[in-house]
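J.: Structure file structure-v4.txt, compact mmCIF, C-alpha atoms, is pasted below:
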```txt
# COMPACT_ATOMS: atom_id res chain seq x y z
CA MET A 1 -69.21 -123.62 65.12
CA LYS A 2 -66.38 -125.89 64.05
CA ILE A 3 -67.53 -128.62 61.68
CA PHE A 4 -65.38 -131.59 60.65
CA LEU A 5 -66.47 -133.74 57.69
CA LEU A 6 -64.45 -136.91 57.16
CA ASP A 7 -64.05 -138.67 53.80
CA ALA A 8 -64.35 -142.25 55.06
CA TYR A 9 -62.74 -144.23 52.25
CA ALA A 10 -59.91 -141.74 51.74
CA LEU A 11 -58.97 -142.28 55.39
CA ILE A 12 -59.71 -146.02 55.35
CA TYR A 13 -57.42 -146.68 52.37
CA ARG A 14 -54.75 -144.47 53.89
CA ALA A 15 -54.92 -146.43 57.15
CA TYR A 16 -54.81 -149.78 55.32
CA TYR A 17 -51.76 -149.02 53.19
CA ALA A 18 -49.87 -147.15 55.93
CA ILE A 19 -49.19 -150.36 57.86
CA MET A 20 -49.80 -152.98 55.16
CA ARG A 21 -46.31 -154.44 55.62
CA THR A 22 -46.75 -154.81 59.37
CA PRO A 23 -50.44 -155.62 59.78
CA ARG A 24 -52.10 -155.84 63.21
CA ILE A 25 -53.70 -159.27 63.50
CA ASN A 26 -55.87 -160.15 66.47
CA SER A 27 -56.19 -163.54 68.19
CA LYS A 28 -58.93 -164.58 65.76
CA GLY A 29 -56.75 -163.88 62.73
CA PHE A 30 -58.59 -160.68 61.78
CA ASN A 31 -56.53 -157.81 60.35
CA THR A 32 -57.42 -154.86 62.56
CA SER A 33 -55.02 -152.39 60.86
CA THR A 34 -57.70 -150.48 58.95
CA VAL A 35 -60.02 -150.14 61.93
CA MET A 36 -57.14 -149.09 64.18
CA GLY A 37 -55.80 -146.52 61.71
CA PHE A 38 -59.19 -144.97 61.06
CA CYS A 39 -60.01 -144.81 64.78
CA ASN A 40 -56.64 -143.22 65.53
CA THR A 41 -57.43 -140.43 63.05
CA LEU A 42 -60.95 -140.01 64.41
CA ASN A 43 -59.76 -139.93 68.02
CA ASP A 44 -57.02 -137.44 67.16
CA ILE A 45 -59.58 -135.06 65.64
CA LEU A 46 -62.04 -135.43 68.51
CA GLN A 47 -59.41 -134.83 71.18
CA ASN A 48 -57.14 -132.25 69.58
CA GLN A 49 -59.51 -130.30 67.32
CA GLN A 50 -62.61 -130.50 69.51
CA PRO A 51 -65.21 -130.02 66.76
CA THR A 52 -68.66 -128.80 67.71
CA HIS A 53 -70.08 -130.94 64.88
CA ILE A 54 -68.70 -133.98 63.06
CA ALA A 55 -69.90 -136.47 60.43
CA VAL A 56 -68.36 -139.18 58.25
CA ALA A 57 -69.30 -139.56 54.58
CA PHE A 58 -69.10 -142.85 52.66
CA ASP A 59 -69.23 -143.65 48.95
CA HIS A 60 -72.25 -145.83 48.17
CA GLY A 61 -72.46 -147.74 44.89
CA LYS A 62 -72.03 -146.39 41.38
CA THR A 63 -72.61 -142.70 40.75
CA PHE A 64 -73.88 -140.43 37.99
CA ARG A 65 -70.26 -140.23 36.82
CA HIS A 66 -70.39 -143.86 35.71
CA GLU A 67 -73.37 -143.02 33.49
CA ILE A 68 -71.50 -140.13 31.87
CA PHE A 69 -68.16 -141.97 31.64
CA PRO A 70 -68.54 -145.78 31.86
CA ASP A 71 -64.78 -146.26 32.34
CA TYR A 72 -64.76 -144.06 35.46
CA LYS A 73 -62.36 -145.69 37.93
CA ALA A 74 -62.46 -148.87 35.81
CA GLN A 75 -58.72 -149.39 36.24
CA ARG A 76 -58.95 -149.75 40.01
CA GLU A 77 -58.38 -153.13 41.56
CA GLU A 78 -61.07 -154.83 43.60
CA THR A 79 -61.34 -153.47 47.14
CA PRO A 80 -59.07 -155.57 49.42
CA GLU A 81 -60.99 -158.08 51.51
CA ASP A 82 -59.50 -156.68 54.73
CA ILE A 83 -61.07 -153.30 53.93
CA LYS A 84 -64.43 -154.86 53.04
CA ALA A 85 -64.44 -156.67 56.38
CA SER A 86 -63.41 -153.53 58.28
CA VAL A 87 -66.04 -151.09 56.97
CA PRO A 88 -69.02 -152.60 58.90
CA ILE A 89 -66.96 -152.49 62.11
CA ILE A 90 -66.01 -148.85 61.50
CA LYS A 91 -69.68 -148.01 60.93
CA ASP A 92 -70.61 -149.80 64.16
CA ILE A 93 -68.03 -147.73 66.03
CA LEU A 94 -69.37 -144.50 64.52
CA GLU A 95 -72.92 -145.45 65.49
CA ALA A 96 -71.79 -146.27 69.04
CA LEU A 97 -70.16 -142.83 69.23
CA ARG A 98 -73.34 -141.26 67.78
CA ILE A 99 -71.39 -139.77 64.89
CA PRO A 100 -73.63 -139.39 61.81
CA ILE A 101 -72.87 -141.60 58.81
CA LEU A 102 -73.66 -139.84 55.53
CA GLN A 103 -74.20 -141.73 52.28
CA VAL A 104 -76.49 -141.14 49.31
CA ASP A 105 -77.25 -143.45 46.40
CA GLY A 106 -75.61 -142.23 43.19
CA PHE A 107 -73.16 -139.87 44.88
CA GLU A 108 -69.66 -140.05 46.32
CA ALA A 109 -68.45 -138.84 49.69
CA ASP A 110 -66.88 -135.90 47.79
CA ASP A 111 -70.32 -134.77 46.64
CA ILE A 112 -71.86 -135.03 50.11
CA ILE A 113 -69.00 -133.25 51.86
CA GLY A 114 -68.80 -130.59 49.14
CA THR A 115 -72.51 -129.85 49.45
CA MET A 116 -72.38 -129.58 53.23
CA ALA A 117 -69.19 -127.52 53.17
CA MET A 118 -70.75 -124.99 50.78
CA LYS A 119 -73.85 -124.72 52.96
CA ALA A 120 -71.66 -124.17 56.02
CA ASP A 121 -69.66 -121.53 54.15
CA ARG A 122 -72.80 -119.62 53.17
CA GLU A 123 -73.83 -119.54 56.84
CA GLY A 124 -70.38 -118.39 57.96
CA MET A 125 -69.50 -121.63 59.76
CA ASP A 126 -65.94 -122.94 59.83
CA CYS A 127 -65.83 -126.32 58.09
CA PHE A 128 -62.87 -128.68 57.70
CA MET A 129 -62.90 -131.41 55.04
CA VAL A 130 -60.68 -134.24 56.28
CA THR A 131 -59.20 -135.96 53.24
CA SER A 132 -56.04 -136.41 51.21
CA ASP A 133 -57.97 -136.18 47.90
CA LYS A 134 -56.66 -133.25 45.84
CA ASP A 135 -60.06 -132.85 44.13
CA TYR A 136 -61.32 -131.09 47.26
CA GLY A 137 -59.02 -128.16 46.48
CA GLN A 138 -61.67 -126.69 44.16
CA LEU A 139 -64.10 -126.44 47.10
CA VAL A 140 -62.05 -124.48 49.61
CA THR A 141 -63.13 -121.02 50.76
CA ASP A 142 -62.24 -118.76 53.66
CA HIS A 143 -64.60 -120.83 55.82
CA ALA A 144 -64.41 -124.28 54.18
CA LYS A 145 -60.90 -125.72 54.17
CA MET A 146 -59.12 -128.99 53.55
CA PHE A 147 -57.66 -130.66 56.63
CA ARG A 148 -55.21 -133.02 54.97
CA PRO A 149 -53.24 -135.73 56.80
CA ARG A 150 -49.49 -135.35 56.32
CA HIS A 151 -47.14 -138.19 55.53
CA GLY A 152 -45.42 -139.02 58.77
CA GLY A 153 -48.16 -137.59 60.97
CA GLY A 154 -50.03 -134.37 61.63
CA TYR A 155 -52.23 -132.32 59.32
CA GLU A 156 -52.05 -129.31 57.08
CA THR A 157 -54.90 -126.84 56.65
CA LEU A 158 -55.41 -125.68 53.07
CA GLY A 159 -57.50 -122.63 52.22
CA PRO A 160 -57.71 -120.64 48.96
CA LYS A 161 -54.26 -119.06 49.44
CA GLU A 162 -52.54 -122.42 50.03
CA ILE A 163 -54.27 -124.14 47.10
CA CYS A 164 -53.42 -121.33 44.68
CA GLU A 165 -49.78 -121.32 45.81
CA LYS A 166 -49.55 -125.11 45.62
CA TYR A 167 -50.77 -125.31 42.01
CA ASP A 168 -49.58 -121.89 40.79
CA ILE A 169 -53.08 -120.72 39.87
CA ASP A 170 -55.00 -117.51 40.51
CA SER A 171 -58.24 -118.95 41.87
CA THR A 172 -59.41 -122.28 43.23
CA ALA A 173 -61.94 -122.55 40.38
CA GLN A 174 -59.00 -122.97 37.99
CA LEU A 175 -58.13 -126.25 39.69
CA ILE A 176 -61.04 -127.78 37.77
CA ASP A 177 -59.38 -126.83 34.46
CA MET A 178 -55.99 -127.94 35.74
CA LEU A 179 -57.20 -131.41 36.67
CA GLY A 180 -59.05 -131.63 33.35
CA LEU A 181 -55.89 -130.84 31.41
CA MET A 182 -53.64 -133.07 33.51
CA GLY A 183 -56.02 -135.98 33.75
CA ASP A 184 -56.33 -138.08 36.88
CA SER A 185 -55.06 -141.64 36.97
CA ALA A 186 -57.03 -142.29 40.16
CA ASP A 187 -60.29 -141.72 38.24
CA ASN A 188 -59.05 -143.27 34.96
CA TYR A 189 -59.37 -139.91 33.20
CA GLN A 190 -56.57 -139.45 30.68
CA GLY A 191 -56.49 -135.67 30.20
CA CYS A 192 -54.34 -134.15 27.45
CA PRO A 193 -51.29 -136.16 26.35
CA GLY A 194 -48.02 -134.67 27.62
CA VAL A 195 -49.68 -132.11 29.88
CA GLY A 196 -48.55 -132.23 33.50
CA GLU A 197 -49.05 -129.89 36.40
CA LYS A 198 -46.59 -127.20 35.30
CA THR A 199 -47.75 -127.16 31.68
CA ALA A 200 -51.39 -127.05 32.76
CA ALA A 201 -50.70 -124.05 35.04
CA LYS A 202 -48.89 -122.28 32.18
CA LEU A 203 -51.74 -122.89 29.74
CA ILE A 204 -54.32 -121.61 32.23
CA LYS A 205 -52.31 -118.46 32.92
CA THR A 206 -51.80 -117.81 29.20
CA TYR A 207 -55.26 -118.56 27.85
```
Take the structure from the file and write it as C-alpha cells.

T.:
Amino acid sequence: MKIFLLDAYALIYRAYYAIMRTPRINSKGFNTSTVMGFCNTLNDILQNQQPTHIAVAFDHGKTFRHEIFPDYKAQREETPEDIKASVPIIKDILEALRIPILQVDGFEADDIIGTMAMKADREGMDCFMVTSDKDYGQLVTDHAKMFRPRHGGGYETLGPKEICEKYDIDSTAQLIDMLGLMGDSADNYQGCPGVGEKTAAKLIKTY
C-alpha cells in the first residue's frame, strides 16, 4: 500500500501565496489561484505518485492547544477572503473525486495525519505526509515520511535520516525539544530568548 495524506491548509496557503502577485481571476471576478494551485498539487500526486489510498485533512475550529495556551496562533492575521471562498470549492472537488475529507472538532490536520501515519507505520504500510510544516519531522519513521513541496517545484522525501541530518540531531524525537527551545513564530510560541536552531542542537547534544 502507498498512502498519501495531504495537509489541506498547508497546501492551500502555499498555493495562495505562490501566485499572489499574479492572481488568476475568472470572468466573474473570482480569484481562482488557490483552487488552481491546490488542484495542481493534487493532480500531480495522483498522476505521478499513483497512491493506492489518499485523504485530505483539514483544520476545524479551535483545538485543545487553545485551552492550554490561549495565545496559540494569536498573532496570525485573519484568513484572506480569497482562501475562505476557495475552501468550499476545494471540498466540492474532493467530494466529486471521492477523496475522503478528514476533520475532527478540537484537532488540527497535523493531529489527524499524525494519528493515521502512526497506525499505517505499525501495520507496515508506506505513508507519505504531504506538507511543508516542519512540525511533521517528529513523526517520520521508516514507513511514514514527509513528502514536502520544494520551492520552485517538485518534492523531497524526508525520513528519519534526512530529518536528523537537517537539524543535526540524533533522533527525530529530539525535534520536539529543538522546537521547544527555538520557539515557533508560526504558532506564537516564544521559546528561549537567543536560542536558534544551531544553539538548540548544541544544547540537546550536550545535555

J.: Under the rule that all atoms listed in the file are counted, which of A:Arg150, A:His53, A:Gly29, A:Glu77 is the nearest residue to A:Met125?

T.: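 Of all the options, A:His53 lies closest to A:Met125.
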
J.: How many Å separate atom CA of A:Leu94 from atom CA of A:Asp110?

T.: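 Between atom CA of A:Leu94 and atom CA of A:Asp110 the gap is 19.0 Å.
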
J.: Find the residue from A:Asn43, A:Thr199, A:Ser185, A:Ser27 that sits nearest to A:Ile93; use all atoms listed in the file when measuring.

T.: A:Asn43

J.: Out of A:Cys39, A:Ile45, A:Met1, A:Met116, which residue has the shortest atom-to-atom distance to A:Tyr155 when counting only C-alpha atoms?

T.: A:Ile45

J.: Applying 9 Å and all atoms listed in the file, which residues near stretch 97-106 of chain A remain after dropping the ones on its own chain fewer than 2 positions away? List them as a ChimeraX atom specification.

T.: /A:53-65,91-95,108-109,112-113

J.: In Å to one decimal, how far is atom CA of A:Leu139 from atom CA of A:Ile176?

T.: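 Interatomic distance here is 9.9 Å.
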
J.: With only C-alpha atoms as the counted atoms, please give the residues lying no more than 9 Å from A:Gly180, apart from itself and same-chain residues fewer than 3 positions off, as number ranges by chain.

T.: A: 175-177, 183-184, 189-192, 200

J.: Quick one: axis-aligned box around all listed atoms of stretch 195-206 of chain A, 4 Å on every side, centre and edge lengths in Å to one decimal, written as lines of an AutoDock Vina configuration file.

T.:
```
center_x = -50.5
center_y = -125.0
center_z = 32.8
size_x = 15.7
size_y = 22.4
size_z = 15.2
```

J.: Grab the atom CA of A:Asp135 to atom CA of A:Phe4 distance for me, in Å with one decimal place.

T.: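 Computing it gives 17.4 Å between the two atoms.
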
J.: Dump as number ranges by chain all residues having an atom at most 12 Å from (-52.3, -157.6, 58.9), computed in the file's coordinates with all atoms listed in the file.

T.: A: 15-37, 80-83, 86

J.: Could you turn the residues from that selection into a file that holds C-alpha atoms, as a compact mmCIF listing (two decimals), keeping the file's coordinate frame?

T.:
```
# COMPACT_ATOMS: atom_id res chain seq x y z
CA ALA A 15 -54.92 -146.43 57.15
CA TYR A 16 -54.81 -149.78 55.32
CA TYR A 17 -51.76 -149.02 53.19
CA ALA A 18 -49.87 -147.15 55.93
CA ILE A 19 -49.19 -150.36 57.86
CA MET A 20 -49.80 -152.98 55.16
CA ARG A 21 -46.31 -154.44 55.62
CA THR A 22 -46.75 -154.81 59.37
CA PRO A 23 -50.44 -155.62 59.78
CA ARG A 24 -52.10 -155.84 63.21
CA ILE A 25 -53.70 -159.27 63.50
CA ASN A 26 -55.87 -160.15 66.47
CA SER A 27 -56.19 -163.54 68.19
CA LYS A 28 -58.93 -164.58 65.76
CA GLY A 29 -56.75 -163.88 62.73
CA PHE A 30 -58.59 -160.68 61.78
CA ASN A 31 -56.53 -157.81 60.35
CA THR A 32 -57.42 -154.86 62.56
CA SER A 33 -55.02 -152.39 60.86
CA THR A 34 -57.70 -150.48 58.95
CA VAL A 35 -60.02 -150.14 61.93
CA MET A 36 -57.14 -149.09 64.18
CA GLY A 37 -55.80 -146.52 61.71
CA PRO A 80 -59.07 -155.57 49.42
CA GLU A 81 -60.99 -158.08 51.51
CA ASP A 82 -59.50 -156.68 54.73
CA ILE A 83 -61.07 -153.30 53.93
CA SER A 86 -63.41 -153.53 58.28
```
